[in-house]
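Asks: One structure follows; several queries about it will come next.
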Amino acid sequence: MQLVQLQKAQDRFREHGLRVAAITYDSPAILSEFANLHQINYALMSDPQSEIIRSFGILDTDESPNNLPDFAKKGIALPGYFFVDRSGIVKEKFFGEAYYDRFTPNNVIAKLFPELLETSVPSVTAPHLGLALRQSDRDVVIGSRVTLAAKFSLPKGMHVYAHGAAKYKPTELLIQSIDDTPVKPKMLKASRYPQAQEIFLPAIKERVPVYKGHFQIEQDLIVLPPREVQQKLNSADFKSNDVIKVSVRGVVRYQACDATTCYLPTEVPVTFELNMHQNDFNRASESLQEKRH
């Protein structure tokens, strides 16, 4: 599914001078069949002995998942991305911590170019400041790693507190559940906060870290929906073009202050909507499978 998502996102990479390619241990014949089936027009490269995969240190030695056939366990790569410059230097890499943890292409774009975290959610009402929600993806599969964000707009002369302000509530985006199922700690990755400013508060004669103006807080989430949703997605009667809508819920917390007033800590409920798609369970034709054996 990552390869299909990459096909849909490759124009966004091209707009910034980047080209995309993928490499797997599959044979050229299997890759050709897969490309024709999903209308993929970027380069799919074959590494049948996993030599390149090993040289990059991304062979899945954990042999996950356990139900893979023996021949697949010997060559499968950890799923992820390398960002390589024109001179061949690896500038960034994006790999999850488990087999099911897979960056989406749109998430990678948002990491390289934060201003391109473009899938927007309607603004929410928040006291004393502007608050909008953003997300890297709306269409996902089980295991997609997406970025969820809260974008703040503070009036002139107002600030909110950052982590480290001991006597005040720090600004946070907390993801709590998918539908009504609590999010497990292993599903939350890579929180990103802006650089705080330090200001002096004459009233208490202290320096404290704060945020001012316009800024954004981001939280990566591995989408592992409730068990009943996963069962529906994996059922034989689920059609490939069907979707299941799930709601990711959480809260934004902050404490706003202006030149004269420090307001009470505020908690605003937030919701991100996702469309769950089925993973691609189509295998290569039997004749090609036999050749790979």
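We label chains A, B, ... in the order they appear in the structure tokens, count residues from 1 in each chain, and number ligands from 1 in the order shown.
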Could you pull the residues within 12 Å of A:Tyr263, counting only C-alpha atoms, minus those fewer than 2 positions along the same chain, as a PyMOL selection string?
Replies: chain A and resi 127-129+158-161+168-169+254-261+265-266
Asks: Store the residues picked out above, limited to N, CA and C atoms, as a PDB file, in the first residue's frame.
Replies:
```
ATOM      1  N   PRO A 127     -10.736  29.693  23.389  1.00  0.00           N
ATOM      2  CA  PRO A 127     -10.682  31.013  24.039  1.00  0.00           C
ATOM      3  C   PRO A 127      -9.328  31.694  23.874  1.00  0.00           C
ATOM      4  N   HIS A 128      -9.353  32.992  23.591  1.00  0.00           N
ATOM      5  CA  HIS A 128      -8.194  33.882  23.616  1.00  0.00           C
ATOM      6  C   HIS A 128      -7.264  33.755  22.410  1.00  0.00           C
ATOM      7  N   LEU A 129      -7.453  32.775  21.536  1.00  0.00           N
ATOM      8  CA  LEU A 129      -6.514  32.590  20.419  1.00  0.00           C
ATOM      9  C   LEU A 129      -7.192  31.827  19.287  1.00  0.00           C
ATOM     10  N   MET A 158       0.085  38.521  23.426  1.00  0.00           N
ATOM     11  CA  MET A 158      -0.336  37.348  24.181  1.00  0.00           C
ATOM     12  C   MET A 158       0.687  36.235  24.026  1.00  0.00           C
ATOM     13  N   HIS A 159       0.805  35.379  25.038  1.00  0.00           N
ATOM     14  CA  HIS A 159       1.682  34.222  24.953  1.00  0.00           C
ATOM     15  C   HIS A 159       1.010  33.027  25.628  1.00  0.00           C
ATOM     16  N   VAL A 160       1.489  31.823  25.299  1.00  0.00           N
ATOM     17  CA  VAL A 160       1.112  30.608  26.022  1.00  0.00           C
ATOM     18  C   VAL A 160       2.407  29.960  26.502  1.00  0.00           C
ATOM     19  N   TYR A 161       2.308  29.102  27.473  1.00  0.00           N
ATOM     20  CA  TYR A 161       3.505  28.568  28.113  1.00  0.00           C
ATOM     21  C   TYR A 161       4.004  27.298  27.423  1.00  0.00           C
ATOM     22  N   TYR A 168       3.060  26.964  35.511  1.00  0.00           N
ATOM     23  CA  TYR A 168       1.987  27.168  34.548  1.00  0.00           C
ATOM     24  C   TYR A 168       1.784  25.901  33.714  1.00  0.00           C
ATOM     25  N   LYS A 169       0.603  25.795  33.085  1.00  0.00           N
ATOM     26  CA  LYS A 169       0.284  24.627  32.270  1.00  0.00           C
ATOM     27  C   LYS A 169       0.932  24.762  30.892  1.00  0.00           C
ATOM     28  N   TYR A 254      -3.610  24.481  27.042  1.00  0.00           N
ATOM     29  CA  TYR A 254      -2.732  25.656  27.069  1.00  0.00           C
ATOM     30  C   TYR A 254      -3.180  26.591  28.176  1.00  0.00           C
ATOM     31  N   GLN A 255      -2.325  27.539  28.501  1.00  0.00           N
ATOM     32  CA  GLN A 255      -2.670  28.628  29.420  1.00  0.00           C
ATOM     33  C   GLN A 255      -2.206  29.925  28.784  1.00  0.00           C
ATOM     34  N   ALA A 256      -3.154  30.780  28.460  1.00  0.00           N
ATOM     35  CA  ALA A 256      -2.860  32.029  27.754  1.00  0.00           C
ATOM     36  C   ALA A 256      -2.752  33.201  28.732  1.00  0.00           C
ATOM     37  N   CYS A 257      -1.833  34.103  28.404  1.00  0.00           N
ATOM     38  CA  CYS A 257      -1.653  35.315  29.211  1.00  0.00           C
ATOM     39  C   CYS A 257      -1.411  36.507  28.293  1.00  0.00           C
ATOM     40  N   ASP A 258      -1.897  37.664  28.700  1.00  0.00           N
ATOM     41  CA  ASP A 258      -1.560  38.900  28.007  1.00  0.00           C
ATOM     42  C   ASP A 258      -0.845  39.826  28.990  1.00  0.00           C
ATOM     43  N   ALA A 259      -0.755  41.093  28.656  1.00  0.00           N
ATOM     44  CA  ALA A 259       0.031  42.025  29.477  1.00  0.00           C
ATOM     45  C   ALA A 259      -0.557  42.234  30.860  1.00  0.00           C
ATOM     46  N   THR A 260      -1.852  41.976  31.016  1.00  0.00           N
ATOM     47  CA  THR A 260      -2.500  42.265  32.304  1.00  0.00           C
ATOM     48  C   THR A 260      -3.100  41.041  32.989  1.00  0.00           C
ATOM     49  N   THR A 261      -3.391  39.992  32.239  1.00  0.00           N
ATOM     50  CA  THR A 261      -4.141  38.868  32.801  1.00  0.00           C
ATOM     51  C   THR A 261      -3.527  37.532  32.409  1.00  0.00           C
ATOM     52  N   PRO A 265      -6.088  27.775  32.995  1.00  0.00           N
ATOM     53  CA  PRO A 265      -5.732  26.751  32.001  1.00  0.00           C
ATOM     54  C   PRO A 265      -6.963  26.297  31.221  1.00  0.00           C
ATOM     55  N   THR A 266      -6.759  26.067  29.922  1.00  0.00           N
ATOM     56  CA  THR A 266      -7.853  25.736  29.010  1.00  0.00           C
ATOM     57  C   THR A 266      -7.611  24.374  28.372  1.00  0.00           C
TER      58      THR A 266
END
```
Asks: Could you pull out the strand (DSSP E or B) residues of stretch 45-287 of chain A from DSSP and send them as a CSV table (one decimal) with N, CA and C atoms, in the first residue's frame?
Replies:
```csv
chain,number,residue,atom,x,y,z
A,45,MET,N,12.6,-1.1,-8.5
A,45,MET,CA,13.9,-1.8,-8.7
A,45,MET,C,13.9,-3.1,-8.0
A,46,SER,N,14.4,-4.1,-8.7
A,46,SER,CA,14.5,-5.5,-8.1
A,46,SER,C,15.8,-5.8,-7.5
A,59,LEU,N,17.5,-5.1,6.3
A,59,LEU,CA,16.9,-6.4,6.2
A,59,LEU,C,16.2,-6.7,7.5
A,77,ALA,N,12.6,-6.4,3.4
A,77,ALA,CA,13.2,-5.2,3.9
A,77,ALA,C,12.3,-4.6,4.9
A,80,GLY,N,10.4,1.7,4.7
A,80,GLY,CA,10.8,3.0,5.0
A,80,GLY,C,11.3,3.8,3.8
A,81,TYR,N,11.9,5.0,4.1
A,81,TYR,CA,12.3,5.9,3.0
A,81,TYR,C,13.7,6.4,3.3
A,82,PHE,N,14.5,6.6,2.3
A,82,PHE,CA,15.7,7.4,2.3
A,82,PHE,C,15.6,8.6,1.5
A,83,PHE,N,16.0,9.7,1.9
A,83,PHE,CA,16.1,11.0,1.2
A,83,PHE,C,17.6,11.2,0.8
A,84,VAL,N,17.9,11.1,-0.5
A,84,VAL,CA,19.3,11.1,-1.0
A,84,VAL,C,19.5,12.3,-1.8
A,90,VAL,N,23.0,10.3,1.9
A,90,VAL,CA,21.7,10.1,2.5
A,90,VAL,C,21.5,11.3,3.5
A,91,LYS,N,20.5,12.1,3.3
A,91,LYS,CA,20.3,13.3,4.2
A,91,LYS,C,19.3,13.0,5.3
A,92,GLU,N,18.3,12.2,5.0
A,92,GLU,CA,17.3,11.8,6.0
A,92,GLU,C,16.9,10.4,5.8
A,93,LYS,N,16.4,9.7,6.8
A,93,LYS,CA,15.7,8.4,6.7
A,93,LYS,C,14.5,8.4,7.6
A,94,PHE,N,13.5,7.7,7.1
A,94,PHE,CA,12.2,7.6,7.8
A,94,PHE,C,11.8,6.1,7.9
A,95,PHE,N,12.0,5.5,9.0
A,95,PHE,CA,11.7,4.1,9.3
A,95,PHE,C,11.0,4.0,10.6
A,102,ARG,N,4.4,2.2,9.4
A,102,ARG,CA,4.8,2.6,8.1
A,102,ARG,C,4.5,4.1,7.8
A,103,PHE,N,5.5,4.9,7.6
A,103,PHE,CA,5.3,6.3,7.2
A,103,PHE,C,4.5,6.4,5.9
A,119,THR,N,-3.3,18.9,4.5
A,119,THR,CA,-4.7,18.4,4.7
A,119,THR,C,-5.3,19.1,5.9
A,120,SER,N,-6.2,20.0,5.7
A,120,SER,CA,-6.7,20.9,6.8
A,120,SER,C,-8.0,20.3,7.4
A,121,VAL,N,-8.3,20.7,8.6
A,121,VAL,CA,-9.5,20.3,9.3
A,121,VAL,C,-10.1,21.7,9.7
A,122,PRO,N,-11.5,21.8,9.7
A,122,PRO,CA,-12.1,23.1,10.1
A,122,PRO,C,-11.6,23.6,11.4
A,123,SER,N,-11.5,24.9,11.5
A,123,SER,CA,-11.0,25.5,12.7
A,123,SER,C,-11.9,25.2,13.9
A,124,VAL,N,-11.4,25.2,15.1
A,124,VAL,CA,-12.1,24.9,16.3
A,124,VAL,C,-12.2,26.2,17.1
A,130,GLY,N,-6.5,31.8,18.1
A,130,GLY,CA,-7.0,31.0,17.0
A,130,GLY,C,-6.4,29.6,17.0
A,131,LEU,N,-7.2,28.6,16.7
A,131,LEU,CA,-6.7,27.2,16.7
A,131,LEU,C,-7.3,26.5,15.5
A,132,ALA,N,-6.4,25.9,14.7
A,132,ALA,CA,-6.8,25.1,13.6
A,132,ALA,C,-6.1,23.8,13.6
A,133,LEU,N,-6.7,22.8,13.1
A,133,LEU,CA,-6.2,21.4,13.1
A,133,LEU,C,-5.7,21.1,11.7
A,134,ARG,N,-4.6,20.3,11.6
A,134,ARG,CA,-4.1,19.9,10.3
A,134,ARG,C,-3.6,18.4,10.4
A,135,GLN,N,-3.6,17.7,9.3
A,135,GLN,CA,-3.2,16.3,9.3
A,135,GLN,C,-2.6,16.0,8.0
A,139,ASP,N,-6.8,9.5,4.1
A,139,ASP,CA,-7.0,8.1,3.7
A,139,ASP,C,-5.8,7.2,4.1
A,140,VAL,N,-6.1,6.2,4.9
A,140,VAL,CA,-5.0,5.4,5.6
A,140,VAL,C,-5.4,4.0,5.5
A,144,SER,N,-0.6,2.8,9.0
A,144,SER,CA,-0.1,4.1,8.5
A,144,SER,C,0.3,5.0,9.6
A,145,ARG,N,1.5,5.6,9.5
A,145,ARG,CA,2.0,6.6,10.4
A,145,ARG,C,1.6,8.0,9.9
A,146,VAL,N,0.7,8.7,10.5
A,146,VAL,CA,0.2,10.0,10.1
A,146,VAL,C,0.7,11.1,11.1
A,147,THR,N,0.8,12.3,10.6
A,147,THR,CA,1.0,13.5,11.4
A,147,THR,C,-0.2,14.2,11.7
A,148,LEU,N,-0.5,14.5,13.0
A,148,LEU,CA,-1.7,15.3,13.4
A,148,LEU,C,-1.1,16.6,14.0
A,149,ALA,N,-1.7,17.7,13.8
A,149,ALA,CA,-1.1,19.0,14.3
A,149,ALA,C,-2.2,19.9,14.7
A,150,ALA,N,-1.8,20.8,15.7
A,150,ALA,CA,-2.6,21.9,16.1
A,150,ALA,C,-1.8,23.2,15.8
A,151,LYS,N,-2.4,24.1,15.0
A,151,LYS,CA,-1.8,25.3,14.6
A,151,LYS,C,-2.4,26.5,15.4
A,152,PHE,N,-1.5,27.2,16.1
A,152,PHE,CA,-2.0,28.3,17.0
A,152,PHE,C,-1.7,29.7,16.3
A,153,SER,N,-2.6,30.6,16.5
A,153,SER,CA,-2.5,32.0,16.1
A,153,SER,C,-2.8,32.8,17.3
A,159,HIS,N,0.8,35.4,25.0
A,159,HIS,CA,1.7,34.2,25.0
A,159,HIS,C,1.0,33.0,25.6
A,160,VAL,N,1.5,31.8,25.3
A,160,VAL,CA,1.1,30.6,26.0
A,160,VAL,C,2.4,30.0,26.5
A,161,TYR,N,2.3,29.1,27.5
A,161,TYR,CA,3.5,28.6,28.1
A,161,TYR,C,4.0,27.3,27.4
A,172,GLU,N,0.0,21.7,24.9
A,172,GLU,CA,0.2,20.3,24.5
A,172,GLU,C,-0.9,19.9,23.5
A,173,LEU,N,-0.6,19.0,22.6
A,173,LEU,CA,-1.6,18.3,21.8
A,173,LEU,C,-1.6,16.8,22.3
A,174,LEU,N,-2.7,16.3,22.9
A,174,LEU,CA,-2.7,15.0,23.5
A,174,LEU,C,-3.7,14.2,22.7
A,175,ILE,N,-3.3,13.1,22.0
A,175,ILE,CA,-4.2,12.2,21.3
A,175,ILE,C,-4.6,11.1,22.2
A,176,GLN,N,-5.9,10.9,22.4
A,176,GLN,CA,-6.4,10.0,23.4
A,176,GLN,C,-7.0,8.7,22.9
A,177,SER,N,-7.8,8.7,21.8
A,177,SER,CA,-8.5,7.6,21.4
A,177,SER,C,-8.7,7.5,19.9
A,178,ILE,N,-9.0,6.3,19.4
A,178,ILE,CA,-9.5,6.1,18.0
A,178,ILE,C,-10.9,5.6,18.2
A,181,THR,N,-11.8,3.7,21.6
A,181,THR,CA,-10.7,2.8,22.1
A,181,THR,C,-9.5,3.7,22.4
A,182,PRO,N,-9.0,3.6,23.7
A,182,PRO,CA,-7.9,4.4,24.1
A,182,PRO,C,-6.6,4.1,23.2
A,188,LEU,N,1.9,6.3,19.7
A,188,LEU,CA,2.3,7.7,19.6
A,188,LEU,C,3.8,7.8,19.4
A,189,LYS,N,4.2,8.6,18.4
A,189,LYS,CA,5.6,8.7,18.0
A,189,LYS,C,5.9,10.2,17.7
A,190,ALA,N,7.1,10.6,17.9
A,190,ALA,CA,7.7,11.9,17.4
A,190,ALA,C,6.8,13.1,17.6
A,191,SER,N,6.6,13.5,18.9
A,191,SER,CA,6.0,14.8,19.2
A,191,SER,C,7.0,15.9,18.8
A,192,ARG,N,6.5,16.9,18.1
A,192,ARG,CA,7.4,18.0,17.7
A,192,ARG,C,6.8,19.4,18.2
A,197,GLN,N,10.5,30.7,23.3
A,197,GLN,CA,11.2,32.0,23.7
A,197,GLN,C,11.2,32.1,25.2
A,198,GLU,N,12.2,32.8,25.7
A,198,GLU,CA,12.2,33.0,27.2
A,198,GLU,C,11.9,34.5,27.4
A,199,ILE,N,10.9,34.7,28.3
A,199,ILE,CA,10.5,36.1,28.6
A,199,ILE,C,10.6,36.3,30.1
A,200,PHE,N,10.8,37.6,30.5
A,200,PHE,CA,10.8,37.9,31.9
A,200,PHE,C,9.5,38.5,32.3
A,201,LEU,N,8.9,37.9,33.4
A,201,LEU,CA,7.6,38.3,33.9
A,201,LEU,C,7.9,39.2,35.2
A,206,GLU,N,10.4,36.4,37.3
A,206,GLU,CA,10.9,35.1,36.8
A,206,GLU,C,11.0,35.1,35.3
A,207,ARG,N,11.9,34.3,34.7
A,207,ARG,CA,12.0,34.0,33.3
A,207,ARG,C,11.3,32.7,33.0
A,208,VAL,N,10.5,32.7,32.0
A,208,VAL,CA,9.7,31.5,31.7
A,208,VAL,C,9.7,31.2,30.2
A,209,PRO,N,9.6,30.0,29.7
A,209,PRO,CA,9.6,29.7,28.3
A,209,PRO,C,8.1,29.8,27.8
A,210,VAL,N,8.0,30.5,26.6
A,210,VAL,CA,6.6,30.7,26.1
A,210,VAL,C,6.7,30.5,24.6
A,211,TYR,N,5.5,30.5,24.0
A,211,TYR,CA,5.3,30.6,22.5
A,211,TYR,C,4.5,31.9,22.3
A,212,LYS,N,4.8,32.5,21.1
A,212,LYS,CA,4.1,33.7,20.7
A,212,LYS,C,3.8,33.6,19.2
A,214,HIS,N,2.5,32.8,15.7
A,214,HIS,CA,2.0,31.7,15.0
A,214,HIS,C,3.0,30.5,15.2
A,215,PHE,N,2.4,29.4,15.6
A,215,PHE,CA,3.3,28.2,15.7
A,215,PHE,C,2.4,26.9,15.6
A,216,GLN,N,3.1,25.8,15.5
A,216,GLN,CA,2.4,24.5,15.3
A,216,GLN,C,3.0,23.4,16.2
A,217,ILE,N,2.2,22.6,16.8
A,217,ILE,CA,2.6,21.4,17.5
A,217,ILE,C,2.1,20.2,16.7
A,218,GLU,N,3.0,19.2,16.6
A,218,GLU,CA,2.7,18.0,15.8
A,218,GLU,C,2.9,16.7,16.6
A,219,GLN,N,2.1,15.8,16.3
A,219,GLN,CA,2.1,14.4,16.9
A,219,GLN,C,1.9,13.4,15.9
A,220,ASP,N,2.9,12.4,15.8
A,220,ASP,CA,2.7,11.3,14.9
A,220,ASP,C,1.9,10.2,15.6
A,221,LEU,N,1.0,9.6,14.8
A,221,LEU,CA,0.2,8.5,15.3
A,221,LEU,C,0.2,7.3,14.3
A,222,ILE,N,0.5,6.1,14.9
A,222,ILE,CA,0.4,4.9,14.1
A,222,ILE,C,-1.0,4.5,14.2
A,244,ILE,N,-13.9,2.6,5.9
A,244,ILE,CA,-14.5,2.7,7.3
A,244,ILE,C,-14.0,4.0,7.9
A,245,LYS,N,-14.9,4.9,8.3
A,245,LYS,CA,-14.5,6.1,8.9
A,245,LYS,C,-14.3,6.0,10.4
A,246,VAL,N,-13.2,6.5,10.8
A,246,VAL,CA,-12.9,6.5,12.3
A,246,VAL,C,-12.5,7.9,12.7
A,247,SER,N,-12.8,8.1,14.0
A,247,SER,CA,-12.5,9.4,14.6
A,247,SER,C,-11.3,9.3,15.6
A,248,VAL,N,-10.3,10.2,15.4
A,248,VAL,CA,-9.2,10.3,16.3
A,248,VAL,C,-9.5,11.5,17.2
A,249,ARG,N,-9.6,11.2,18.5
A,249,ARG,CA,-10.0,12.3,19.4
A,249,ARG,C,-8.9,12.6,20.4
A,250,GLY,N,-8.8,13.8,20.9
A,250,GLY,CA,-7.8,14.2,21.8
A,250,GLY,C,-8.2,15.6,22.4
A,251,VAL,N,-7.2,16.2,23.0
A,251,VAL,CA,-7.4,17.6,23.6
A,251,VAL,C,-6.2,18.4,23.3
A,252,VAL,N,-6.4,19.7,23.2
A,252,VAL,CA,-5.3,20.7,23.2
A,252,VAL,C,-5.4,21.5,24.5
A,253,ARG,N,-4.3,21.5,25.2
A,253,ARG,CA,-4.2,22.2,26.5
A,253,ARG,C,-3.3,23.4,26.4
A,254,TYR,N,-3.6,24.5,27.0
A,254,TYR,CA,-2.7,25.7,27.1
A,254,TYR,C,-3.2,26.6,28.2
A,256,ALA,N,-3.2,30.8,28.5
A,256,ALA,CA,-2.9,32.0,27.8
A,256,ALA,C,-2.8,33.2,28.7
A,257,CYS,N,-1.8,34.1,28.4
A,257,CYS,CA,-1.7,35.3,29.2
A,257,CYS,C,-1.4,36.5,28.3
A,262,CYS,N,-3.4,36.6,33.4
A,262,CYS,CA,-3.1,35.2,33.1
A,262,CYS,C,-4.3,34.4,33.3
A,266,THR,N,-6.8,26.1,29.9
A,266,THR,CA,-7.9,25.7,29.0
A,266,THR,C,-7.6,24.4,28.4
A,267,GLU,N,-8.7,23.6,28.2
A,267,GLU,CA,-8.6,22.3,27.5
A,267,GLU,C,-9.7,22.3,26.4
A,268,VAL,N,-9.3,22.1,25.2
A,268,VAL,CA,-10.2,22.2,24.0
A,268,VAL,C,-10.2,20.8,23.4
A,269,PRO,N,-11.4,20.1,23.3
A,269,PRO,CA,-11.5,18.8,22.6
A,269,PRO,C,-11.3,19.0,21.1
A,270,VAL,N,-10.5,18.0,20.5
A,270,VAL,CA,-10.3,18.1,19.1
A,270,VAL,C,-10.5,16.7,18.5
A,271,THR,N,-10.9,16.7,17.2
A,271,THR,CA,-11.2,15.5,16.5
A,271,THR,C,-10.6,15.5,15.1
A,272,PHE,N,-9.9,14.4,14.7
A,272,PHE,CA,-9.4,14.2,13.3
A,272,PHE,C,-10.1,13.0,12.7
A,273,GLU,N,-10.6,13.2,11.5
A,273,GLU,CA,-11.3,12.1,10.8
A,273,GLU,C,-10.4,11.4,9.8
A,274,LEU,N,-10.5,10.1,9.8
A,274,LEU,CA,-9.7,9.2,8.9
A,274,LEU,C,-10.6,8.3,8.2
A,275,ASN,N,-10.2,8.0,6.9
A,275,ASN,CA,-10.9,7.0,6.1
A,275,ASN,C,-10.0,5.7,6.1
A,276,MET,N,-10.4,4.6,6.7
A,276,MET,CA,-9.7,3.4,6.7
A,276,MET,C,-9.9,2.6,5.4
```
Asks: Using only C-alpha atoms, determine which residues lie at most 12 Å from A:His16, disregarding the query and same-chain residues fewer than 6 positions distant; provide the list as a PyMOL selection string.
Replies: chain A and resi 10+109+112-113+116
Asks: Going by DSSP on the backbone, which residues of stretch 15-226 of chain A come out as alpha helix (DSSP H)? List them as a PyMOL selection string.
Replies: chain A and resi 28-38+51-55+70-73+105-112
Asks: By how many Å are atom CA of A:Gln230 and atom CA of A:Asp179 apart?
Replies: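 According to the coordinates, atom CA of A:Gln230 and atom CA of A:Asp179 are separated by 12.7 Å.
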Asks: Would you work out the distance separating atom CA of A:Tyr42 from atom CA of A:Leu233, expressed in Å to one decimal?
Replies: 28.2 Å
Asks: May I ask for the distance between atom CA of A:Thr24 and atom CA of A:Asp47, given in Å to one decimal place?
Replies: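 Going from atom CA of A:Thr24 over to atom CA of A:Asp47, I get 5.8 Å.
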